[in-house]
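Asker: Mind looking over this structure? Questions follow.
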Amino acid sequence: MGPLSSDQRHALRERLSEERARVERQLASLVRTFDQIVDAADLEPPDDEHDPEGTTAYERAQVVSLADAARARLLDLERALAAVDGDDYGACERCGRPVGLARLEAVPEARRCVTCASAGRGRGS
């Protein structure tokens, strides 16, 4: 696949914008959930038979982990939105070959082609 057409870039820009809005809503929901967990823990009386603090700590850690992942995805989406009209968008940052339209449609913030993403299995896939 050669360079992306204007129509393809427009469609990908729309997809990136939609995905960014979805991830922003997800992050806001996770922040509310975290706040609710903290507030609920403050209101619960101590329980001698169970360790509510252990459960609460686990729940908080789980929500924080999900929120961190959402923040990282949001940064990737914003980076891709800023780059979508540039010459480098759609080119693998590792090998320089095209990432591929199908991959960009599925993962519009992808920075690596399938081959390099599979080989690296790290961030920036």
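Ordering of the structure tokens sets the chain letters (A, B, ...), residue numbers begin anew at 1 in every chain, and ligands are numbered from 1 in the order given.
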Find the residues of stretch 81-104 of chain A that sit at most 9 Å from stretch 114-120 of chain A; for each, write down the nearest two atoms and how far apart they are in Å, to one decimal. Count only C-alpha atoms. Sort by chain, then by number going up, and give it as a Markdown table.
Answerer:
```
| residue | atom | partner | partner_atom | distance |
| --- | --- | --- | --- | --- |
| A:Cys92 | CA | A:Cys116 | CA | 7.9 |
| A:Arg94 | CA | A:Cys116 | CA | 6.8 |
| A:Cys95 | CA | A:Cys116 | CA | 7.4 |
| A:Val99 | CA | A:Val114 | CA | 7.0 |
| A:Gly100 | CA | A:Val114 | CA | 8.5 |
| A:Arg103 | CA | A:Val114 | CA | 7.7 |
```
Asker: Which residues are near stretch 74-80 of chain A? Cut-off 9 Å, only C-alpha atoms, ignore same chain within fewer than 3 positions. Put them as a ChimeraX atom specification.
Answerer: /A:13,16-17,19-20,23-24,69-71,83-84,89,108-111,124
Asker: Run DSSP on the backbone of this structure and report the residues of chain A it assigns to helix (DSSP H, G or I), as a VMD selection string.
Answerer: chain A and resid 6 to 43 52 to 83 101 to 106 114 to 120
Asker: How far is it from atom CA of A:Ala11 to atom CA of A:Glu105, in Å with one decimal?
Answerer: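 Those two atoms sit 8.6 Å apart.
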Asker: Got a sec: who's within 12 Å of A:Asp87, counting only C-alpha atoms, leaving out chain neighbours fewer than 6 positions off, as a PyMOL selection string?
Answerer: chain A and resi 2-6+9+80+93+96+98
Asker: For the selection just defined, write its residues with C-alpha atoms to a file, as a PDB file, in the first residue's frame.
Answerer:
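Produced file part-v5.pdb, reproduced below:
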```pdb
ATOM      1  CA  GLY A   2       1.324   3.409  -0.933  1.00  0.00           C
ATOM      2  CA  PRO A   3       0.739   6.714   0.807  1.00  0.00           C
ATOM      3  CA  LEU A   4      -2.661   7.283   2.341  1.00  0.00           C
ATOM      4  CA  SER A   5      -5.196   9.196   0.272  1.00  0.00           C
ATOM      5  CA  SER A   6      -6.914  12.322   1.503  1.00  0.00           C
ATOM      6  CA  ARG A   9      -6.673  10.262   6.199  1.00  0.00           C
ATOM      7  CA  ALA A  80      -1.623  10.080  16.119  1.00  0.00           C
ATOM      8  CA  GLU A  93       8.498   3.617  13.051  1.00  0.00           C
ATOM      9  CA  GLY A  96       9.621   2.285   7.550  1.00  0.00           C
ATOM     10  CA  PRO A  98       3.509   0.943   5.519  1.00  0.00           C
TER      11      PRO A  98
END
```
